[in-house]
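Participant: Pasting data_38.pdb here (PDB, C-alpha atoms):
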ATOM      1  CA  MET A1366       7.597  50.846  80.859
ATOM      2  CA  SER A1367       9.042  50.420  77.362
ATOM      3  CA  GLU A1368       8.309  53.062  74.761
ATOM      4  CA  ILE A1369       5.391  52.230  72.477
ATOM      5  CA  LEU A1370       6.197  52.673  68.795
ATOM      6  CA  GLU A1371       3.740  53.013  65.923
ATOM      7  CA  LEU A1372       5.191  50.703  63.270
ATOM      8  CA  PRO A1373       4.104  50.162  59.651
ATOM      9  CA  LEU A1374       2.764  46.646  59.199
ATOM     10  CA  THR A1375       4.925  46.353  56.097
ATOM     11  CA  SER A1376       8.053  46.743  58.254
ATOM     12  CA  ILE A1377       7.214  43.695  60.405
ATOM     13  CA  GLU A1378       8.450  40.269  59.325
ATOM     14  CA  VAL A1379       6.410  37.307  60.560
ATOM     15  CA  GLY A1380       8.653  34.242  60.594
ATOM     16  CA  THR A1381       7.431  30.780  59.653
ATOM     17  CA  ASP A1382       8.804  29.162  62.809
ATOM     18  CA  ARG A1383       5.989  30.270  65.087
ATOM     19  CA  ALA A1384       5.084  28.518  68.318
ATOM     20  CA  ARG A1385       1.424  28.790  67.353
ATOM     21  CA  ASP A1386      -0.164  28.635  63.904
ATOM     22  CA  LEU A1387      -2.452  31.411  62.760
ATOM     23  CA  ASP A1388      -6.119  30.772  63.536
ATOM     24  CA  PRO A1389      -8.147  32.859  61.027
ATOM     25  CA  ASP A1390     -11.312  32.655  63.126
ATOM     26  CA  TRP A1391      -9.449  33.951  66.185
ATOM     27  CA  SER A1392      -8.003  36.828  64.168
ATOM     28  CA  GLU A1393     -11.447  37.790  62.863
ATOM     29  CA  GLY A1394     -12.895  37.819  66.365
ATOM     30  CA  LEU A1395      -9.955  39.810  67.623
ATOM     31  CA  ALA A1396     -10.383  42.318  64.792
ATOM     32  CA  GLY A1397     -13.949  42.944  65.930
ATOM     33  CA  SER A1398     -12.799  43.493  69.487
ATOM     34  CA  ILE A1399     -10.044  45.885  68.382
ATOM     35  CA  ARG A1400     -12.483  47.809  66.197
ATOM     36  CA  ALA A1401     -14.801  48.292  69.181
ATOM     37  CA  GLN A1402     -12.321  48.751  72.043
ATOM     38  CA  GLY A1403      -8.924  49.423  70.513
ATOM     39  CA  LEU A1404      -5.768  47.381  71.014
ATOM     40  CA  MET A1405      -5.340  46.431  74.660
ATOM     41  CA  GLN A1406      -1.726  45.248  74.416
ATOM     42  CA  PRO A1407       0.958  46.238  71.887
ATOM     43  CA  ILE A1408       2.786  43.579  69.930
ATOM     44  CA  ILE A1409       6.458  42.879  70.667
ATOM     45  CA  VAL A1410       9.142  43.009  67.973
ATOM     46  CA  ARG A1411      12.913  42.818  67.540
ATOM     47  CA  PRO A1412      14.968  44.990  65.181
ATOM     48  CA  LYS A1413      15.952  43.038  62.066
ATOM     49  CA  GLY A1414      17.739  44.587  59.127
ATOM     50  CA  ASP A1415      15.835  47.662  58.017
ATOM     51  CA  GLY A1416      12.666  46.514  59.790
ATOM     52  CA  TYR A1417      11.485  44.328  62.622
ATOM     53  CA  ALA A1418      10.855  40.648  63.371
ATOM     54  CA  LEU A1419       7.667  39.741  65.228
ATOM     55  CA  VAL A1420       8.222  38.191  68.654
ATOM     56  CA  VAL A1421       4.727  38.239  70.173
ATOM     57  CA  GLY A1422       1.378  39.177  68.623
ATOM     58  CA  LEU A1423       0.724  37.122  65.475
ATOM     59  CA  HIS A1424      -3.071  37.327  65.749
ATOM     60  CA  ARG A1425      -2.969  41.025  66.604
ATOM     61  CA  VAL A1426      -0.942  41.719  63.452
ATOM     62  CA  GLU A1427      -3.379  39.740  61.321
ATOM     63  CA  ALA A1428      -6.341  41.478  62.963
ATOM     64  CA  PHE A1429      -4.878  44.882  62.053
ATOM     65  CA  ARG A1430      -4.418  43.701  58.474
ATOM     66  CA  LEU A1431      -8.033  42.563  58.345
ATOM     67  CA  LEU A1432      -9.070  46.013  59.590
ATOM     68  CA  GLY A1433      -7.057  47.670  56.841
ATOM     69  CA  ARG A1434      -4.773  49.451  59.294
ATOM     70  CA  GLU A1435      -1.359  50.548  58.073
ATOM     71  CA  THR A1436       0.417  50.770  61.443
ATOM     72  CA  ILE A1437       0.291  48.941  64.774
ATOM     73  CA  PRO A1438       1.479  49.832  68.316
ATOM     74  CA  ALA A1439       4.580  47.847  69.245
ATOM     75  CA  MET A1440       7.247  47.561  71.931
ATOM     76  CA  LEU A1441      10.830  46.463  71.429
ATOM     77  CA  SER A1442      11.794  43.096  72.876
ATOM     78  CA  GLU A1443      14.729  42.792  75.241
ATOM     79  CA  ALA A1444      15.557  39.381  73.735
ATOM     80  CA  ALA A1445      19.199  39.188  72.707
ATOM     81  CA  SER A1446      18.902  36.001  70.629
ATOM     82  CA  ASP A1447      16.436  33.944  68.606
ATOM     83  CA  ASP A1448      16.077  31.523  71.530
ATOM     84  CA  GLU A1449      15.268  34.334  73.949
ATOM     85  CA  ALA A1450      12.679  35.644  71.480
ATOM     86  CA  LYS A1451      11.145  32.174  71.163
ATOM     87  CA  LEU A1452      11.068  31.904  74.945
ATOM     88  CA  ALA A1453       9.159  35.193  75.150
ATOM     89  CA  GLU A1454       6.674  34.059  72.491
ATOM     90  CA  VAL A1455       5.960  30.713  74.149
ATOM     91  CA  MET A1456       5.642  32.224  77.630
ATOM     92  CA  GLU A1457       3.217  34.861  76.300
ATOM     93  CA  ASN A1458       0.996  32.228  74.699
ATOM     94  CA  LEU A1459       0.993  30.090  77.829
ATOM     95  CA  ALA A1460       0.217  33.074  80.055
ATOM     96  CA  ARG A1461      -2.776  34.101  77.926
ATOM     97  CA  ASN A1462      -4.385  30.719  78.662
ATOM     98  CA  GLU A1463      -6.005  30.428  75.214
ATOM     99  CA  LEU A1464      -4.437  27.113  74.261
ATOM    100  CA  ILE A1465      -6.228  23.806  73.827
ATOM    101  CA  ALA A1466      -4.614  20.709  75.375
ATOM    102  CA  LEU A1467      -2.624  19.680  72.272
ATOM    103  CA  ASP A1468      -1.232  23.185  71.751
ATOM    104  CA  ARG A1469      -0.364  23.510  75.429
ATOM    105  CA  CYS A1470       1.628  20.259  75.269
ATOM    106  CA  HIS A1471       3.422  21.544  72.165
ATOM    107  CA  HIS A1472       4.206  24.896  73.765
ATOM    108  CA  LEU A1473       5.583  23.297  76.915
ATOM    109  CA  PHE A1474       7.741  20.980  74.800
ATOM    110  CA  GLN A1475       9.061  23.993  72.877
ATOM    111  CA  LEU A1476       9.642  25.853  76.135
ATOM    112  CA  LYS A1477      11.689  22.929  77.451
ATOM    113  CA  GLN A1478      13.822  22.839  74.290
ATOM    114  CA  VAL A1479      14.539  26.565  74.346
ATOM    115  CA  TRP A1480      15.096  26.654  78.101
ATOM    116  CA  GLU A1481      17.669  23.879  77.962
ATOM    117  CA  ARG A1482      19.482  25.516  75.044
ATOM    118  CA  LEU A1483      19.670  28.762  76.992
ATOM    119  CA  TYR A1484      20.566  27.037  80.263
ATOM    120  CA  PRO A1485      22.285  23.740  79.346
ATOM    121  CA  GLU A1486      23.183  23.232  83.022
ATOM    122  CA  THR A1487      19.527  22.296  83.639
ATOM    123  CA  ALA A1488      19.263  19.624  80.944
ATOM    124  CA  HIS A1489      18.810  15.941  81.798
ATOM    125  CA  GLY A1490      18.269  16.657  85.458
ATOM    126  CA  LYS A1491      21.758  18.080  85.960
ATOM    127  CA  ALA A1492      20.376  20.830  88.150
ATOM    128  CA  SER A1493      17.289  20.665  90.325
ATOM    129  CA  PRO A1494      16.198  22.256  93.602
ATOM    130  CA  LYS A1495      16.596  18.931  95.405
ATOM    131  CA  ARG A1496      20.157  18.310  94.273
ATOM    132  CA  GLN A1497      21.889  21.548  93.471
ATOM    133  CA  SER A1498      21.398  25.070  92.204
ATOM    134  CA  LEU A1499      23.596  26.865  89.723
ATOM    135  CA  PRO A1500      24.142  30.612  89.394
ATOM    136  CA  LEU A1501      22.209  32.138  86.520
ATOM    137  CA  SER A1502      23.851  35.541  86.791
ATOM    138  CA  SER A1503      26.325  37.486  88.858
ATOM    139  CA  ASP A1504      23.608  38.826  91.134
ATOM    140  CA  GLY A1505      23.065  35.400  92.645
ATOM    141  CA  GLU A1506      19.854  34.379  90.848
ATOM    142  CA  GLN A1507      19.638  30.599  90.616
ATOM    143  CA  ILE A1508      18.963  28.100  87.840
ATOM    144  CA  PHE A1509      16.712  25.161  88.639
ATOM    145  CA  GLY A1510      15.484  22.227  86.579
ATOM    146  CA  PHE A1511      13.197  23.211  83.696
ATOM    147  CA  SER A1512       9.853  22.197  85.200
ATOM    148  CA  GLU A1513      10.562  23.610  88.646
ATOM    149  CA  ALA A1514      11.986  26.851  87.258
ATOM    150  CA  ASN A1515       8.952  27.580  85.106
ATOM    151  CA  ALA A1516       6.044  26.220  87.140
ATOM    152  CA  GLU A1517       5.296  29.403  89.073
ATOM    153  CA  LYS A1518       5.828  31.647  86.032
ATOM    154  CA  ILE A1519       3.113  29.951  83.973
ATOM    155  CA  GLY A1520       0.779  28.910  86.773
ATOM    156  CA  LEU A1521       1.159  25.154  86.299
ATOM    157  CA  SER A1522       2.658  22.579  88.635
ATOM    158  CA  ALA A1523       5.997  21.022  87.742
ATOM    159  CA  ARG A1524       4.210  17.669  87.482
ATOM    160  CA  THR A1525       1.696  19.091  84.983
ATOM    161  CA  ILE A1526       4.514  20.524  82.869
ATOM    162  CA  ARG A1527       6.402  17.219  82.833
ATOM    163  CA  LEU A1528       3.233  15.342  81.873
ATOM    164  CA  ALA A1529       2.481  17.710  78.988
ATOM    165  CA  VAL A1530       6.016  17.348  77.621
ATOM    166  CA  LYS A1531       5.783  13.562  77.940
ATOM    167  CA  ILE A1532       2.493  13.539  76.017
ATOM    168  CA  TRP A1533       3.917  15.592  73.142
ATOM    169  CA  THR A1534       7.062  13.473  72.858
ATOM    170  CA  GLY A1535       4.967  10.311  73.008
ATOM    171  CA  LEU A1536       2.694  11.323  70.124
ATOM    172  CA  TYR A1537       3.771   9.924  66.749
ATOM    173  CA  PRO A1538       5.172  13.025  64.946
ATOM    174  CA  PRO A1539       3.256  12.557  61.637
ATOM    175  CA  LEU A1540      -0.018  12.492  63.605
ATOM    176  CA  ARG A1541       0.480  15.696  65.599
ATOM    177  CA  THR A1542      -0.749  17.987  62.816
ATOM    178  CA  ARG A1543      -3.605  15.627  61.915
ATOM    179  CA  LEU A1544      -4.866  15.814  65.487
ATOM    180  CA  GLN A1545      -5.622  19.513  65.008
ATOM    181  CA  GLY A1546      -9.361  20.153  64.700
ATOM    182  CA  THR A1547     -10.379  16.911  66.399
ATOM    183  CA  ASP A1548     -12.167  16.664  69.730
ATOM    184  CA  LEU A1549      -9.190  14.657  70.938
ATOM    185  CA  ALA A1550      -6.947  17.729  70.639
ATOM    186  CA  ARG A1551      -8.904  19.421  73.434
ATOM    187  CA  LYS A1552      -8.731  16.577  75.952
ATOM    188  CA  GLN A1553      -5.448  15.976  77.748
ATOM    189  CA  THR A1554      -6.561  12.706  79.344
ATOM    190  CA  GLU A1555      -7.347  11.212  75.940
ATOM    191  CA  LEU A1556      -4.128  12.610  74.454
ATOM    192  CA  LYS A1557      -2.173  10.971  77.267
ATOM    193  CA  ALA A1558      -3.816   7.619  76.578
ATOM    194  CA  LEU A1559      -3.125   7.980  72.843
ATOM    195  CA  SER A1560       0.522   8.940  73.413
ATOM    196  CA  GLU A1561       1.085   5.731  75.366
ATOM    197  CA  GLN A1562       0.157   3.574  72.361
ATOM    198  CA  LYS A1563       2.541   2.373  69.669
ATOM    199  CA  PRO A1564       2.638   4.554  66.506
ATOM    200  CA  ALA A1565       0.619   2.115  64.381
ATOM    201  CA  MET A1566      -2.127   1.955  67.002
ATOM    202  CA  GLN A1567      -2.120   5.758  67.361
ATOM    203  CA  ALA A1568      -2.720   6.038  63.614
ATOM    204  CA  LYS A1569      -5.601   3.553  63.719
ATOM    205  CA  ILE A1570      -7.244   5.326  66.650
ATOM    206  CA  LEU A1571      -6.967   8.716  64.960
ATOM    207  CA  GLU A1572      -8.408   7.398  61.685
ATOM    208  CA  LEU A1573     -11.366   5.965  63.587
ATOM    209  CA  ILE A1574     -11.970   9.260  65.391
ATOM    210  CA  ARG A1575     -11.753  11.289  62.192
ATOM    211  CA  SER A1576     -14.155   8.940  60.387
ATOM    212  CA  ILE A1577     -16.703   9.326  63.190
ATOM    213  CA  GLN A1578     -16.437  13.126  63.105
ATOM    214  CA  LYS A1579     -17.063  13.368  59.341
TER     215      LYS A1579
END
As structure tokens, what does this structure read like?
Facilitator:
Amino acid sequence: MSEILELPLTSIEVGTDRARDLDPDWSEGLAGSIRAQGLMQPIIVRPKGDGYALVVGLHRVEAFRLLGRETIPAMLSEAASDDEAKLAEVMENLARNELIALDRCHHLFQLKQVWERLYPETAHGKASPKRQSLPLSSDGEQIFGFSEANAEKIGLSARTIRLAVKIWTGLYPPLRTRLQGTDLARKQTELKALSEQKPAMQAKILELIRSIQK
């Protein structure tokens, strides 16, 4: 087990390119839990300059700030690059199973991008269990296509992963942020149907939904 460090909050840099935006309500609830039970899982950081860059634990960091704490338990990441750190962040969020449908689609899309940058041999179906396998390391571990390689790790079928990525890529980019906070963002079936429409129709549907919710 990695050594747990007690790091000053002021030494931890939280980058803007996070897989998941900060949810203030979640941080407040988490702060209450930490106050009552303590921190169950340390955050994960990477050395950066004279301090550290946050890899995993955005809401835990914010919860400690809300509690007025000056330090937080942390472990050092084994990530050797920004992409490996992003991979760790996305996998952590997916494993915690706290994501609504829209966020899960976004995370799986991000995971696919990072995975294929780290393992370009798997991009565009170049490597899959049915066709070929490529060595990932000298010890004989194998690379498979993105969906197949990650399905077991995150507890989703390869088909579910592919569908989520397809939904995110099908959503008109300017509407993705505007979907946040709507009932639609929690329902994958409805998101799938929306993603299959042309951009202009997606915008009309979203405006109608938002007007009903007001």
Participant: Which value, in Å to one decimal, gives the distance between CA of Ile1574 in chain A and CA of Thr1547 in chain A?
Facilitator: 7.9 Å
Participant: I'd like the neighbourhood of Arg1482 in chain A as a VMD selection string, where a residue qualifies if any of its atoms comes within 12 Å (using all atoms listed in the file), though same-chain residues fewer than 2 positions away should be ignored.
Facilitator: chain A and resid 1446 to 1449 1451 to 1452 1475 to 1480 1484 to 1489 1511
Participant: Could you write those residues out with C-alpha atoms, as a PDB file, keeping the file's coordinate frame?
Facilitator:
ATOM      1  CA  SER A1446      18.902  36.001  70.629  1.00  0.00           C
ATOM      2  CA  ASP A1447      16.436  33.944  68.606  1.00  0.00           C
ATOM      3  CA  ASP A1448      16.077  31.523  71.530  1.00  0.00           C
ATOM      4  CA  GLU A1449      15.268  34.334  73.949  1.00  0.00           C
ATOM      5  CA  LYS A1451      11.145  32.174  71.163  1.00  0.00           C
ATOM      6  CA  LEU A1452      11.068  31.904  74.945  1.00  0.00           C
ATOM      7  CA  GLN A1475       9.061  23.993  72.877  1.00  0.00           C
ATOM      8  CA  LEU A1476       9.642  25.853  76.135  1.00  0.00           C
ATOM      9  CA  LYS A1477      11.689  22.929  77.451  1.00  0.00           C
ATOM     10  CA  GLN A1478      13.822  22.839  74.290  1.00  0.00           C
ATOM     11  CA  VAL A1479      14.539  26.565  74.346  1.00  0.00           C
ATOM     12  CA  TRP A1480      15.096  26.654  78.101  1.00  0.00           C
ATOM     13  CA  TYR A1484      20.566  27.037  80.263  1.00  0.00           C
ATOM     14  CA  PRO A1485      22.285  23.740  79.346  1.00  0.00           C
ATOM     15  CA  GLU A1486      23.183  23.232  83.022  1.00  0.00           C
ATOM     16  CA  THR A1487      19.527  22.296  83.639  1.00  0.00           C
ATOM     17  CA  ALA A1488      19.263  19.624  80.944  1.00  0.00           C
ATOM     18  CA  HIS A1489      18.810  15.941  81.798  1.00  0.00           C
ATOM     19  CA  PHE A1511      13.197  23.211  83.696  1.00  0.00           C
TER      20      PHE A1511
END
Participant: Write out as a PyMOL selection string which residues come within 12 Å of range 1386-1394 of chain A when counting all atoms listed in the file, dropping same-chain ones fewer than 3 positions away.
Facilitator: chain A and resi 1379-1383+1397-1401+1422-1432+1458+1463-1464+1468+1471-1472+1542+1545-1546
Participant: Quick check, in Å to one decimal: how far apart do CA of Leu1404 in chain A and CA of Leu1473 in chain A lie?
Facilitator: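 Interatomic distance here is 27.3 Å.
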Participant: Closest to Pro1539 in chain A among A:Pro1407, A:Pro1438, A:Pro1564, A:Gly1433, using all atoms listed in the file?
Facilitator: A:Pro1564
